[in-house]
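**Student:** This one is entry_15.txt, compact mmCIF, C-alpha atoms and all ligand atoms.
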```txt
# COMPACT_ATOMS: atom_id res chain seq x y z
CA MET L 29 182.79 187.36 93.24
CA ASP L 30 181.32 183.93 94.08
CA SER L 31 183.08 181.23 92.15
CA ASP L 32 179.68 179.94 91.05
CA THR L 33 178.40 183.34 89.86
CA PRO L 34 178.22 183.28 86.05
CA ASN L 35 179.88 186.12 84.10
CA ILE L 36 177.61 188.75 82.53
CA SER L 37 178.11 191.04 79.57
CA PRO L 38 178.49 194.84 79.94
CA GLN L 39 175.05 195.24 78.38
CA GLN L 40 173.51 192.92 80.93
CA TYR L 41 175.31 194.80 83.72
CA GLU L 42 173.78 198.09 82.56
CA VAL L 43 170.33 196.61 82.38
CA LEU L 44 170.73 195.07 85.81
CA HIS L 45 171.69 198.29 87.42
CA GLY L 46 169.06 200.24 85.51
CA GLY L 47 166.28 198.11 86.92
CA GLY L 48 163.01 197.17 85.19
CA ALA L 49 161.49 193.93 83.90
CA GLU L 50 164.50 193.07 81.73
CA ALA L 51 166.79 193.40 84.76
CA ALA L 52 164.51 191.17 86.79
CA GLU L 53 164.60 188.51 84.04
CA ILE L 54 168.41 188.56 83.89
CA ALA L 55 168.62 188.30 87.69
CA ARG L 56 166.22 185.30 87.60
CA GLN L 57 168.37 183.57 84.95
CA ARG L 58 171.53 184.11 87.02
CA LEU L 59 169.86 182.53 90.06
CA SER L 60 168.71 179.57 87.95
CA ARG L 61 172.21 179.02 86.60
CA ARG L 62 173.65 179.27 90.09
CA SER L 63 171.22 176.61 91.37
CA PHE L 64 172.03 174.39 88.40
CA LEU L 65 175.77 174.64 89.11
CA ARG L 66 175.26 173.82 92.78
CA ARG L 67 173.11 170.78 91.95
CA SER L 68 175.67 169.57 89.40
CA MET L 69 178.49 169.80 91.92
CA LEU L 70 176.43 167.91 94.52
CA ALA L 71 175.63 165.17 91.97
CA VAL L 72 179.32 164.73 91.10
CA PHE L 73 180.18 164.57 94.78
CA GLY L 74 177.44 161.98 95.40
CA VAL L 75 178.60 159.70 92.58
CA SER L 76 182.21 159.89 93.82
CA ALA L 77 181.17 159.05 97.37
CA ALA L 78 179.08 156.07 96.22
CA ALA L 79 182.00 154.74 94.16
CA SER L 80 184.35 155.07 97.14
CA VAL L 81 181.95 153.21 99.47
CA SER L 82 181.34 150.35 97.02
CA GLY L 83 185.09 150.04 96.43
CA ALA L 84 185.71 149.79 100.17
CA LEU L 85 182.97 147.13 100.55
CA PHE L 86 184.47 145.05 97.72
CA TYR L 87 187.87 145.28 99.42
CA LEU L 88 186.45 144.19 102.79
CA TYR L 89 184.03 141.53 101.49
CA PRO L 90 185.30 140.39 98.06
CA SER L 91 183.28 137.16 98.16
CA VAL L 92 179.94 138.93 98.57
CA SER L 93 179.97 140.20 95.01
CA SER L 94 181.09 136.99 93.32
CA GLY L 95 178.84 134.76 91.25
CA PHE L 96 179.47 131.22 90.05
CA GLY L 97 183.15 131.02 89.13
CA GLY L 98 184.24 132.94 92.23
CA LYS L 99 183.92 132.71 96.00
CA ILE L 100 180.33 132.43 97.23
CA VAL L 101 179.16 132.65 100.82
CA VAL L 102 176.50 129.91 100.96
CA GLY L 103 175.34 130.39 104.55
CA LYS L 104 176.22 130.25 108.21
CA THR L 105 177.71 127.15 109.83
CA THR L 106 174.51 126.87 111.87
CA ASP L 107 172.52 126.44 108.62
CA PHE L 108 174.22 123.07 108.00
CA LYS L 109 173.48 120.48 110.67
CA ALA L 110 176.08 117.71 110.76
CA ALA L 111 175.10 114.02 110.60
CA THR L 112 176.67 110.59 110.16
CA PRO L 113 176.53 109.41 106.52
CA ALA L 114 173.83 106.76 106.95
CA THR L 115 171.44 109.36 108.45
CA PHE L 116 171.80 112.10 105.81
CA MET L 117 168.51 113.83 104.87
CA LEU L 118 168.53 116.43 102.11
CA GLU L 119 168.21 120.00 103.48
CA GLN L 120 167.74 118.67 107.02
CA GLN L 121 171.05 117.18 108.04
CA GLY L 122 174.31 116.22 106.42
CA VAL L 123 173.57 117.31 102.84
CA PHE L 124 172.41 120.73 101.60
CA HIS L 125 171.94 121.88 97.99
CA ARG L 126 173.04 125.43 97.17
CA PRO L 127 172.08 126.05 93.51
CA THR L 128 173.75 129.48 93.27
CA ALA L 129 177.08 127.74 93.89
CA ARG L 130 175.99 124.55 92.02
CA THR L 131 177.13 122.77 95.13
CA TYR L 132 176.10 120.20 97.65
CA VAL L 133 177.51 121.23 101.03
CA ILE L 134 178.29 118.04 102.96
CA HIS L 135 178.70 118.21 106.75
CA MET L 136 179.72 114.93 108.40
CA ASP L 137 179.49 114.57 112.14
CA ALA L 138 182.64 114.24 114.26
CA SER L 139 181.61 110.65 115.08
CA THR L 140 181.73 109.61 111.40
CA GLN L 141 183.57 106.30 110.99
CA PHE L 142 186.20 106.43 108.26
CA LYS L 143 187.74 103.32 106.75
CA LEU L 144 191.25 104.78 106.99
CA THR L 145 193.17 105.95 110.04
CA GLY L 146 196.17 108.08 111.00
CA ALA L 147 198.35 109.52 108.26
CA ASP L 148 196.48 107.59 105.55
CA LEU L 149 193.22 109.21 106.64
CA ALA L 150 194.73 112.70 106.76
CA ALA L 151 196.29 112.29 103.32
CA GLN L 152 193.06 111.03 101.72
CA LEU L 153 190.94 113.76 103.32
CA SER L 154 193.29 116.31 101.80
CA GLU L 155 193.21 114.49 98.45
CA GLU L 156 189.41 114.79 98.42
CA ASN L 157 189.19 118.41 99.71
CA ILE L 158 187.48 117.27 102.92
CA VAL L 159 188.08 119.88 105.62
CA LYS L 160 188.14 119.00 109.32
CA ASP L 161 186.51 121.69 111.46
CA LYS L 162 187.76 122.64 114.94
CA ASP L 163 184.67 120.94 116.45
CA GLY L 164 185.82 117.65 114.85
CA SER L 165 183.18 117.57 112.08
CA TYR L 166 184.06 117.32 108.37
CA TRP L 167 183.01 119.48 105.42
CA VAL L 168 183.21 119.06 101.67
CA ALA L 169 181.63 121.05 98.80
CA LEU L 170 180.66 118.73 95.93
CA TYR L 171 180.03 120.03 92.41
CA GLN L 172 176.47 119.03 91.49
CA LYS L 173 177.47 118.03 87.95
CA CYS L 174 177.80 114.33 87.11
CA VAL L 175 181.32 113.65 85.87
CA HIS L 176 179.99 111.29 83.20
CA LEU L 177 178.14 113.65 80.84
CA GLY L 178 177.15 116.57 83.06
CA CYS L 179 173.63 115.94 84.37
CA THR L 180 172.78 117.42 87.77
CA VAL L 181 172.98 114.60 90.29
CA PRO L 182 170.22 114.44 92.93
CA PHE L 183 170.77 113.19 96.46
CA ARG L 184 168.55 110.23 97.38
CA ASP L 185 167.50 110.10 101.02
CA ASN L 186 166.19 106.54 100.59
CA CYS L 187 169.63 105.14 99.77
CA ALA L 188 171.89 107.79 101.38
CA SER L 189 173.84 108.51 98.19
CA PHE L 190 173.82 110.47 94.91
CA LYS L 191 172.33 108.68 91.90
CA CYS L 192 172.43 110.24 88.44
CA PRO L 193 169.10 109.94 86.58
CA CYS L 194 170.76 110.05 83.14
CA HIS L 195 172.87 106.89 82.99
CA GLY L 196 172.93 105.70 86.60
CA SER L 197 176.29 106.85 87.94
CA HIS L 198 176.23 106.43 91.69
CA TYR L 199 178.28 108.29 94.31
CA ASN L 200 178.64 108.04 98.08
CA VAL L 201 177.80 110.93 100.46
CA ASP L 202 181.34 112.29 100.19
CA GLY L 203 181.24 112.13 96.40
CA GLU L 204 183.29 108.93 96.12
CA PHE L 205 182.38 106.82 93.10
CA LEU L 206 180.27 103.71 93.81
CA ASP L 207 179.21 102.34 90.42
CA GLY L 208 178.06 103.33 86.90
CA PRO L 209 179.81 104.84 83.87
CA ALA L 210 181.37 107.88 85.64
CA PRO L 211 185.14 107.95 85.07
CA ARG L 212 185.98 109.30 88.55
CA SER L 213 184.43 110.50 91.81
CA LEU L 214 182.42 113.74 91.93
CA ASP L 215 184.42 116.94 91.55
CA ARG L 216 184.68 119.27 94.52
CA PHE L 217 185.35 122.94 95.19
CA ALA L 218 187.72 124.63 97.64
CA PHE L 219 185.89 125.28 100.88
CA SER L 220 186.44 127.42 103.97
CA VAL L 221 184.75 128.44 107.20
CA ALA L 222 185.55 131.80 108.80
CA ASP L 223 183.66 133.96 111.31
CA GLY L 224 180.72 131.57 111.10
CA ASN L 225 180.39 131.95 107.31
CA VAL L 226 180.62 129.00 104.94
CA THR L 227 182.35 129.91 101.68
CA VAL L 228 182.65 127.83 98.53
CA ASP L 229 185.30 128.86 96.01
CA THR L 230 183.68 127.80 92.74
CA GLY L 231 186.75 129.03 90.86
CA THR L 232 188.96 126.37 92.45
CA ILE L 233 187.88 122.86 91.50
CA ASN L 234 189.44 119.47 92.19
CA ASN L 235 188.50 117.20 89.28
CA LYS L 236 191.09 114.55 89.96
CA VAL L 237 189.53 112.30 92.61
CA ALA L 238 189.88 108.82 91.14
CA HIS L 239 187.67 105.78 91.68
CA PRO L 240 188.43 104.67 95.24
CA ASP L 241 190.07 101.33 96.00
CA PRO L 242 190.52 99.57 99.37
CA THR L 243 193.53 101.77 100.15
CA THR L 244 191.77 105.08 99.44
CA ARG L 245 188.04 104.67 100.13
CA LEU L 246 186.98 106.87 103.04
CA ILE L 247 183.33 105.99 103.65
CA SER L 248 181.70 102.53 103.67
CA VAL L 249 179.47 101.66 100.74
CA PRO L 250 175.77 102.23 101.66
CA THR L 251 173.99 99.01 102.57
CA ILE L 252 170.64 100.05 100.99
CA ALA L 253 170.54 99.81 97.20
CA CYS L 254 169.04 102.70 95.23
CA SER L 255 165.92 101.65 93.35
CA ALA L 256 165.83 102.64 89.69
S1 LIG R 1 175.43 112.02 83.01
FE1 LIG R 1 175.32 111.04 84.91
S2 LIG R 1 175.53 108.96 84.45
FE2 LIG R 1 175.67 109.92 82.57
```
For the file at hand, write its structure as structure tokens.
**Tutor:**
Amino acid sequence: MDSDTPNISPQQYEVLHGGGAEAAEIARQRLSRRSFLRRSMLAVFGVSAAASVSGALFYLYPSVSSGFGGKIVVGKTTDFKAATPATFMLEQQGVFHRPTARTYVIHMDASTQFKLTGADLAAQLSEENIVKDKDGSYWVALYQKCVHLGCTVPFRDNCASFKCPCHGSHYNVDGEFLDGPAPRSLDRFAFSVADGNVTVDTGTINNKVAHPDPTTRLISVPTIACSA
């Protein structure tokens, strides 16, 4: 007997083999039940297969499924044109806002002039989560939130810096504090580039970058003042 053939009672068996309308009805019901069982088994198989595929995708690309608080792929390296700090233009070169990650992706050109050199430069870049790419350019992912009281800080093309509209805290292109009531420089997230993808780890934040002094400041103070 087929494993999916439902059992029948002796009375039903007699009717079946005796023929007639009643037999036809019982035969129709058996076919219906058989179809139902087949469809049910196919549905269970389909759900299992879908679960297996989604599990494999999560294993291969864990960052794809993360929201804020996890790793977020914010674009391709080619989406973020590098520039020297004085020539930054929002969404065009040097500075790019990615709201899903609450991040400004900063990409400084390899020719960027830093105020420190040698081991001091390397140590301060590490301190501020600034990553040197193999092409010589520099990346950093700044948290958009002002470290004073939490307003979102806009980038100002006209003075090549971040200026908070709430109480005036002012930060350089790399997030270093310039002036205002903020108690430290902008916070920044862990950042990585792999296979052409730019990933921001919004679950790993550095909120300990102090006000810079002459021994730690990386980028020169902008020469153009921000208007109110
Ligand atoms: S919240 Fe930005 S200066 Fe106060």
**Student:** Using only C-alpha atoms, pick whichever of L:Thr112, L:Gln172, L:Ser189, L:Thr106 has the shortest atom-to-atom distance to Leu214 in chain L.
**Tutor:**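 Ranking L:Thr112, L:Gln172, L:Ser189, L:Thr106 by distance to Leu214 in chain L, first place goes to L:Gln172.
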**Student:** Report as a PyMOL selection string which protein, DNA and RNA residues come within 12 Å of ligand LIG 1 (chain R), using all atoms listed in the file.
**Tutor:** chain L and resi 172-182+190-199+205-214
**Student:** Find the residues near Asp229 in chain L: any atom within 10 Å, counting all atoms listed in the file, skip ones fewer than 3 places away on the same chain, and give them as a ChimeraX atom specification.
**Tutor:** /L:91,94-101,129,169,216-220,232-233
**Student:** Grab the CA of Gly146 in chain L to CA of Ile134 in chain L distance for me, in Å with one decimal place.
**Tutor:**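 Spanning CA of Gly146 in chain L to CA of Ile134 in chain L is a straight-line distance of 22.0 Å.
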**Student:** Name the closest residue to Asp202 in chain L among the candidates L:Lys104, L:Ile252, L:Asp215, L:Gly224; distances are taken between atoms, counting all atoms listed in the file.
**Tutor:**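 Of all the options, L:Asp215 lies closest to Asp202 in chain L.
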**Student:** Can you measure CA of Pro250 in chain L to CA of Tyr171 in chain L for me? One decimal in Å is fine.
**Tutor:**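 Interatomic distance, CA of Pro250 in chain L to CA of Tyr171 in chain L: 20.5 Å.
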**Student:** Between CA of Val133 in chain L and CA of Ala114 in chain L, what is the spacing in Å?
**Tutor:**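 The value is 16.1 Å.
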**Student:** Quick one: everything within 8 Å of His135 in chain L, counting all atoms listed in the file, minus sequence neighbours fewer than 5 positions away in the same chain. Send it as a list of chain:residue names.
**Tutor:**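 Contacts, with the query itself left out: L:Phe108, L:Lys109, L:Ala110, L:Ala111, L:Gln121, L:Gly122, L:Val123, L:Ser165, L:Tyr166, L:Trp167, L:Val168.
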**Student:** Please determine, counting only C-alpha atoms, which residue among L:Phe124, L:Gln141, L:Thr131, L:Thr243 has the shortest atom-to-atom distance to Thr105 in chain L.
**Tutor:**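 Using only C-alpha atoms, the shortest distance to Thr105 in chain L belongs to L:Phe124.
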**Student:** From the options L:Cys254, L:Leu144, L:Leu170, L:Ala188, which residue's atoms come nearest to Asp241 in chain L, counting all atoms listed in the file?
**Tutor:**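 Selected residue with least distance to Asp241 in chain L: L:Leu144.
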**Student:** Choose the residue, out of L:Thr145, L:Asn200, L:Asn225, L:Ser154, that has the smallest atom-to-atom separation from Asp107 in chain L; count all atoms listed in the file.
**Tutor:**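 Selected residue with least distance to Asp107 in chain L: L:Asn225.
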